[in-house]
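Source file: work.cif (mmCIF, C-alpha atoms)
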```cif
data_data
#
loop_
_atom_site.label_atom_id
_atom_site.label_comp_id
_atom_site.auth_asym_id
_atom_site.auth_seq_id
_atom_site.Cartn_x
_atom_site.Cartn_y
_atom_site.Cartn_z
CA THR N 12 -3.37 -16.82 -12.38
CA SER N 13 -3.02 -15.42 -15.89
CA SER N 14 -2.36 -11.69 -15.94
CA SER N 15 -1.04 -8.89 -18.12
CA ILE N 16 -0.11 -5.24 -17.88
CA ALA N 17 0.32 -2.54 -20.53
CA ILE N 18 1.37 1.09 -20.06
CA SER N 19 0.56 3.61 -22.82
CA VAL N 20 1.06 7.35 -23.26
CA ARG N 21 -0.22 10.08 -25.61
CA SER N 22 0.45 13.82 -25.92
CA GLY N 23 -1.38 16.97 -27.01
CA ASN N 24 -1.53 20.75 -26.72
CA THR N 25 -4.82 20.97 -24.84
CA SER N 26 -6.06 19.64 -21.55
CA SER N 27 -9.62 19.26 -22.87
CA PRO N 28 -10.84 15.65 -23.30
CA ASP N 29 -12.21 16.77 -26.68
CA GLY N 30 -8.94 18.33 -27.79
CA THR N 31 -6.41 17.00 -30.29
CA TRP N 32 -4.29 14.13 -29.00
CA THR N 33 -1.76 11.83 -30.62
CA SER N 34 -2.59 8.14 -30.77
CA TRP N 35 -1.93 5.97 -27.77
CA SER N 36 1.63 4.60 -27.79
CA GLU N 37 2.38 1.52 -25.70
CA VAL N 38 5.62 1.99 -23.79
CA ALA N 39 5.72 -1.11 -21.57
CA SER N 40 3.95 -4.45 -21.40
CA SER N 41 4.24 -7.89 -19.88
CA SER N 42 2.12 -11.03 -20.08
CA ASN N 43 3.18 -11.93 -16.54
CA PRO N 44 4.03 -8.70 -14.71
CA ALA N 45 6.36 -9.15 -11.75
CA VAL N 46 4.00 -7.64 -9.22
CA SER N 47 2.85 -9.39 -6.05
CA PHE N 48 0.22 -8.22 -3.56
CA ASN N 49 0.34 -8.65 0.22
CA PHE N 50 -2.94 -10.48 0.91
CA SER N 51 -2.43 -10.01 4.66
CA THR N 52 -3.67 -6.43 4.37
CA LEU N 53 -7.11 -7.73 3.34
CA ALA N 54 -7.31 -10.65 5.76
CA VAL N 55 -9.13 -11.07 9.05
CA ALA N 56 -6.51 -12.13 11.61
CA SER N 57 -7.15 -14.46 14.54
CA SER N 58 -4.88 -16.37 16.88
CA SER N 59 -4.63 -19.08 19.50
CA ARG N 60 -3.99 -16.46 22.17
CA GLU N 61 -3.44 -12.70 22.50
CA GLY N 62 -1.19 -11.38 25.23
CA ASP N 63 -2.16 -7.71 25.16
CA ALA N 64 -3.65 -7.82 28.67
CA GLU N 65 -0.44 -9.20 30.21
CA LEU N 66 1.68 -6.73 28.26
CA THR N 67 -0.44 -3.79 29.38
CA ALA N 68 -0.18 -4.94 33.00
CA ALA N 69 3.61 -5.12 32.59
CA GLY N 70 3.70 -1.53 31.39
CA MET N 71 4.45 -2.34 27.75
CA PRO N 72 2.77 -0.60 24.76
CA THR N 73 -0.92 -1.48 24.39
CA LEU N 74 -0.56 -2.03 20.61
CA LEU N 75 1.40 -5.21 21.28
CA GLY N 76 -0.11 -8.64 21.67
CA THR N 77 -3.14 -8.76 19.36
CA ALA N 78 -3.45 -10.83 16.20
CA ALA N 79 -4.15 -7.66 14.21
CA ALA N 80 -0.80 -6.24 15.31
CA GLY N 81 0.90 -9.03 13.35
CA VAL N 82 -0.55 -7.86 10.02
CA ASP N 83 -0.77 -4.07 10.38
CA GLU N 84 2.35 -3.27 8.28
CA ASP N 85 3.93 -1.73 11.37
CA GLU N 86 7.23 -3.27 12.50
CA ASP N 87 6.85 -1.62 15.91
CA THR N 88 3.81 -3.73 16.85
CA MET N 89 3.48 -7.49 16.99
CA TRP N 90 1.32 -10.47 17.77
CA PHE N 91 2.58 -11.68 21.15
CA PRO N 92 0.66 -14.61 22.71
CA PHE N 93 2.53 -14.41 26.03
CA ALA N 94 2.37 -18.17 26.56
CA ASN N 95 4.62 -21.20 26.55
CA THR N 96 4.69 -23.22 23.34
CA SER N 97 4.41 -26.99 23.03
CA ALA N 98 8.19 -27.28 23.46
CA ASN N 99 7.88 -26.12 27.08
CA GLY N 100 4.72 -27.59 28.51
CA GLY N 101 2.25 -25.38 26.66
CA THR N 102 0.56 -25.74 23.27
CA ALA N 103 1.49 -24.68 19.76
CA GLN N 104 0.55 -21.04 19.18
CA TRP N 105 -0.85 -19.94 15.81
CA LEU N 106 -1.67 -16.77 13.90
CA GLU N 107 -4.26 -17.31 11.15
CA LEU N 108 -5.24 -15.13 8.18
CA ASP N 109 -8.65 -15.56 6.58
CA PHE N 110 -8.87 -13.88 3.14
CA GLY N 111 -12.61 -14.41 2.81
CA SER N 112 -12.20 -15.89 -0.67
CA ALA N 113 -9.78 -18.16 -2.51
CA GLN N 114 -6.39 -16.63 -3.37
CA THR N 115 -3.29 -18.06 -5.03
CA VAL N 116 -0.35 -17.80 -2.62
CA GLY N 117 3.23 -19.04 -2.79
CA TYR N 118 5.44 -16.72 -0.74
CA VAL N 119 5.45 -15.77 2.95
CA SER N 120 7.52 -13.33 4.99
CA VAL N 121 7.84 -13.55 8.79
CA SER N 122 9.47 -10.77 10.80
CA SER N 123 9.99 -10.20 14.52
CA MET N 124 11.85 -7.73 16.74
CA ASP N 125 13.77 -7.53 19.97
CA ASN N 126 11.92 -7.06 23.26
CA PRO N 127 10.56 -3.47 23.31
CA GLY N 128 10.53 -3.34 27.12
CA ALA N 129 13.31 -1.19 28.55
CA ALA N 130 14.30 -3.84 31.10
CA GLY N 131 14.68 -6.54 28.49
CA ALA N 132 15.77 -4.62 25.41
CA GLY N 133 17.79 -6.79 23.04
CA LEU N 134 16.24 -10.12 24.02
CA ASP N 135 15.35 -12.17 20.97
CA LEU N 136 11.58 -12.53 20.45
CA ALA N 137 11.79 -14.35 17.12
CA PRO N 138 9.82 -17.62 16.82
CA ARG N 139 12.42 -20.40 16.93
CA ASP N 140 10.51 -23.34 15.40
CA TYR N 141 7.44 -22.86 13.22
CA THR N 142 5.49 -24.15 10.23
CA ILE N 143 3.61 -22.26 7.50
CA GLN N 144 0.31 -23.99 6.66
CA THR N 145 -2.48 -23.48 4.10
CA TRP N 146 -6.08 -24.67 4.36
CA ASP N 147 -7.39 -27.06 1.67
CA GLY N 148 -11.01 -26.99 2.83
CA ALA N 149 -10.64 -29.95 5.16
CA ASN N 150 -7.09 -29.97 6.55
CA TRP N 151 -4.11 -27.75 7.23
CA ILE N 152 -1.27 -28.54 4.82
CA GLY N 153 2.36 -27.73 5.69
CA GLN N 154 4.14 -25.60 3.08
CA ALA N 155 7.36 -24.51 4.84
CA THR N 156 9.14 -25.24 8.12
CA THR N 157 11.84 -23.40 10.08
CA THR N 158 13.83 -24.76 13.03
CA ASP N 159 16.44 -23.21 15.35
CA ASN N 160 15.81 -19.67 14.12
CA THR N 161 17.32 -16.86 16.23
CA THR N 162 17.00 -14.04 13.68
CA PHE N 163 14.76 -11.08 14.46
CA ALA N 164 16.60 -8.27 12.64
CA THR N 165 15.85 -9.59 9.13
CA PRO N 166 12.52 -11.07 7.91
CA LEU N 167 12.57 -14.77 7.06
CA THR N 168 11.02 -15.59 3.69
CA HIS N 169 9.55 -18.85 2.44
CA GLU N 170 8.70 -19.63 -1.18
CA PHE N 171 6.68 -22.70 -2.12
CA THR N 172 4.67 -24.06 -5.04
CA PRO N 173 1.66 -21.72 -5.35
CA VAL N 174 -1.58 -23.08 -3.95
CA THR N 175 -5.15 -21.76 -3.97
CA THR N 176 -6.52 -21.26 -0.48
CA ASP N 177 -8.64 -18.90 1.61
CA LYS N 178 -6.59 -19.30 4.81
CA VAL N 179 -2.93 -19.29 5.78
CA ARG N 180 -1.41 -19.58 9.24
CA ILE N 181 1.91 -19.73 11.06
CA VAL N 182 2.12 -22.35 13.82
CA VAL N 183 4.90 -21.77 16.37
CA THR N 184 6.09 -24.71 18.45
CA GLU N 185 9.02 -23.02 20.20
CA GLY N 186 10.03 -19.44 20.96
CA ASN N 187 13.35 -17.89 21.99
CA MET N 188 13.06 -15.47 24.90
CA ALA N 189 13.23 -16.88 28.42
CA TYR N 190 11.09 -15.06 31.00
CA ILE N 191 11.70 -17.53 33.79
CA GLY N 192 10.65 -15.10 36.54
CA LEU N 193 7.05 -15.30 35.36
CA GLY N 194 7.21 -18.95 34.31
CA TYR N 195 7.56 -18.44 30.54
CA PRO N 196 10.70 -20.12 29.16
CA ASP N 197 10.06 -19.52 25.45
CA LEU N 198 8.12 -16.36 24.63
CA PHE N 199 8.09 -15.00 21.07
CA GLY N 200 6.39 -12.41 18.87
CA VAL N 201 5.58 -11.91 15.19
CA ALA N 202 5.83 -8.30 14.03
CA GLU N 203 4.61 -8.93 10.47
CA PHE N 204 3.16 -12.03 8.81
CA GLU N 205 2.90 -11.25 5.09
CA VAL N 206 1.47 -13.52 2.38
CA TYR N 207 2.03 -13.01 -1.35
CA SER N 208 1.26 -14.79 -4.59
CA SER N 209 4.99 -14.94 -5.40
CA SER N 210 8.32 -13.36 -4.49
CA ALA N 211 8.17 -10.91 -7.43
CA THR N 212 7.82 -7.29 -6.36
CA THR N 213 8.88 -5.13 -9.33
CA ALA N 214 6.95 -4.03 -12.42
CA PRO N 215 8.26 -3.73 -16.00
CA SER N 216 9.45 -0.26 -17.03
CA THR N 217 10.85 1.55 -20.06
CA THR N 218 11.27 5.06 -21.52
CA ALA N 219 8.98 6.47 -24.23
CA THR N 220 9.97 8.68 -27.18
CA LEU N 221 6.92 10.71 -28.19
CA ALA N 222 6.26 11.89 -31.74
CA THR N 223 5.00 15.28 -30.48
CA THR N 224 7.92 16.83 -28.62
CA THR N 225 6.31 20.29 -28.16
CA ALA N 226 3.25 18.96 -26.33
CA GLN N 227 2.07 20.75 -23.21
CA TYR N 228 -0.05 17.89 -21.88
CA PHE N 229 0.35 14.15 -21.52
CA GLN N 230 -2.02 11.32 -20.62
CA TYR N 231 -0.97 7.94 -19.28
CA LYS N 232 -3.01 4.77 -19.37
CA ILE N 233 -2.39 1.55 -17.45
CA ASP N 234 -4.27 -1.58 -18.48
CA PHE N 235 -4.05 -4.35 -15.91
CA THR N 236 -5.98 -7.58 -16.28
CA ASN N 237 -6.23 -10.89 -14.51
CA THR N 238 -8.94 -13.50 -14.24
CA ASP N 239 -10.97 -11.30 -11.88
CA ILE N 240 -10.21 -7.64 -12.57
CA THR N 241 -9.77 -5.18 -15.43
CA LEU N 242 -8.59 -1.66 -14.60
CA THR N 243 -8.00 1.20 -17.05
CA PRO N 244 -7.26 4.42 -15.15
CA GLU N 245 -6.36 7.63 -17.05
CA VAL N 246 -4.39 10.55 -15.60
CA SER N 247 -3.63 13.80 -17.40
#
```

Take the structure in the file and give it back as structure tokens.
Amino acid sequence: TSSSIAISVRSGNTSSPDGTWTSWSEVASSSNPAVSFNFSTLAVASSSREGDAELTAAGMPTLLGTAAAGVDEDEDTMWFPFANTSANGGTAQWLELDFGSAQTVGYVSVSSMDNPGAAGAGLDLAPRDYTIQTWDGANWIGQATTTDNTTFATPLTHEFTPVTTDKVRIVVTEGNMAYIGLGYPDLFGVAEFEVYSSSATTAPSTTATLATTTAQYFQYKIDFTNTDITLTPEVS
């Protein structure tokens, strides 16, 4: 997606819009600004199974278990299907994000956490084997695969050639935590499933030297454009 960003500033000695201002001076610009948006915050989340009922019955926090908990930008909640995966007599478990319209995506972050239950604190709930897939309108296409993962303290990131899609999902085929007493040898959870256009997360910046150094007021203008949006906010 073609995009650009420009930051401009001007100064004056009056706060009135009709007052005397210097000309706009551009202080930063980029034809491809290094800014990426987390599309998960706009998506409708669904999953193969939600284990909130089992977790509630076990005395664990009620915010755990649902698909929405995997995309709520809260590391203390998670999607937790509470079911065996295909590696242990069950089926592959998936968490799907539907953006509602086509988006260009190429970077995914998957984070988990240790078991929040007091009796099992420290047990690894990270998904062990999983695949990241995008929807092409007819089929799910694999974009990244992880095997033998035991990391829950640090998010795992996956960068791939950007594709245009309206749906992304993570498909887990094996978990990590054994809960043999209840017949679940490979439980897992996903605290945050984040989807971005790219790995870039910082914007261009610079320092301006204004012609009017005795000004009492300043205005800043940010022009951001891409193929869909043009924004020009002004703040004084």

### Task
Between N:Val206, N:Ile181, N:Val20, N:Ala155, single out the one closest to Ser51 of chain N, counting all atoms listed in the file.
N:Val206

Please evaluate the PyMOL selection byres ((chain N and resi 145-149) around 9) against the displayed coordinates and give the resulting residues as an mmCIF file with C-alpha atoms, in the coordinates of the input.
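Writing the result to out.cif gives the following:
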```
data_model
loop_
_atom_site.group_PDB
_atom_site.id
_atom_site.type_symbol
_atom_site.label_atom_id
_atom_site.label_comp_id
_atom_site.auth_asym_id
_atom_site.auth_seq_id
_atom_site.Cartn_x
_atom_site.Cartn_y
_atom_site.Cartn_z
ATOM 1 C CA ILE N 143 3.610 -22.260 7.500
ATOM 2 C CA GLN N 144 0.310 -23.990 6.660
ATOM 3 C CA ASN N 150 -7.090 -29.970 6.550
ATOM 4 C CA TRP N 151 -4.110 -27.750 7.230
ATOM 5 C CA ILE N 152 -1.270 -28.540 4.820
ATOM 6 C CA GLY N 153 2.360 -27.730 5.690
ATOM 7 C CA GLN N 154 4.140 -25.600 3.080
ATOM 8 C CA VAL N 174 -1.580 -23.080 -3.950
ATOM 9 C CA THR N 175 -5.150 -21.760 -3.970
ATOM 10 C CA THR N 176 -6.520 -21.260 -0.480
ATOM 11 C CA ASP N 177 -8.640 -18.900 1.610
ATOM 12 C CA LYS N 178 -6.590 -19.300 4.810
ATOM 13 C CA VAL N 179 -2.930 -19.290 5.780
ATOM 14 C CA ARG N 180 -1.410 -19.580 9.240
#
```

### Message
Measuring between all atoms listed in the file, which one of N:Asn24, N:Gln230, N:Ser120, N:Thr102 shows the shortest distance to Glu37 of chain N?
### Response
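Distance minimum relative to Glu37 of chain N lands on N:Gln230.
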
#### Entry: Atomic separation - atom CA of Phe110 of chain N relative to atom CA of Thr52 of chain N, Å
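A separation of 9.2 Å between them.
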
#### Entry: Distance in Å - atom CA of Thr158 of chain N versus atom CA of Glu203 of chain N
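For atom CA of Thr158 of chain N relative to atom CA of Glu203 of chain N, the distance reads 18.5 Å.
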
#### Entry: Non-local contacts of Thr162 of chain N (10 Å; all atoms listed in the file; under 2 positions in same chain excluded) as a PyMOL selection string
chain N and resi 122-125+135-139+159-160+164-167+187

### Task
Translate the PyMOL selection byres ((chain N and resi 183) around 12), as applied to the file shown, into an explicit residue set as JSON, numbers by chain.
{"N": [58, 59, 60, 90, 91, 92, 94, 95, 96, 97, 98, 99, 101, 102, 103, 104, 105, 106, 107, 121, 137, 138, 139, 140, 141, 142, 143, 144, 156, 157, 158, 159, 160, 180, 181, 182, 184, 185, 186, 187, 197, 198, 199, 200, 201]}

### Summary
One decimal place gives the atom CA of Tyr207 of chain N-atom CA of Ala56 of chain N separation as 15.5 Å

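Only residues having an atom at most 10 Å from (6.4, -17.5, -4.5) are included; using only C-alpha atoms, these are N:Ser47, N:Thr115, N:Val116, N:Gly117, N:Tyr118, N:Val119, N:Thr168, N:His169, N:Glu170, N:Phe171, N:Thr172, N:Pro173, N:Val174, N:Val206, N:Tyr207, N:Ser208, N:Ser209, N:Ser210, N:Ala211.
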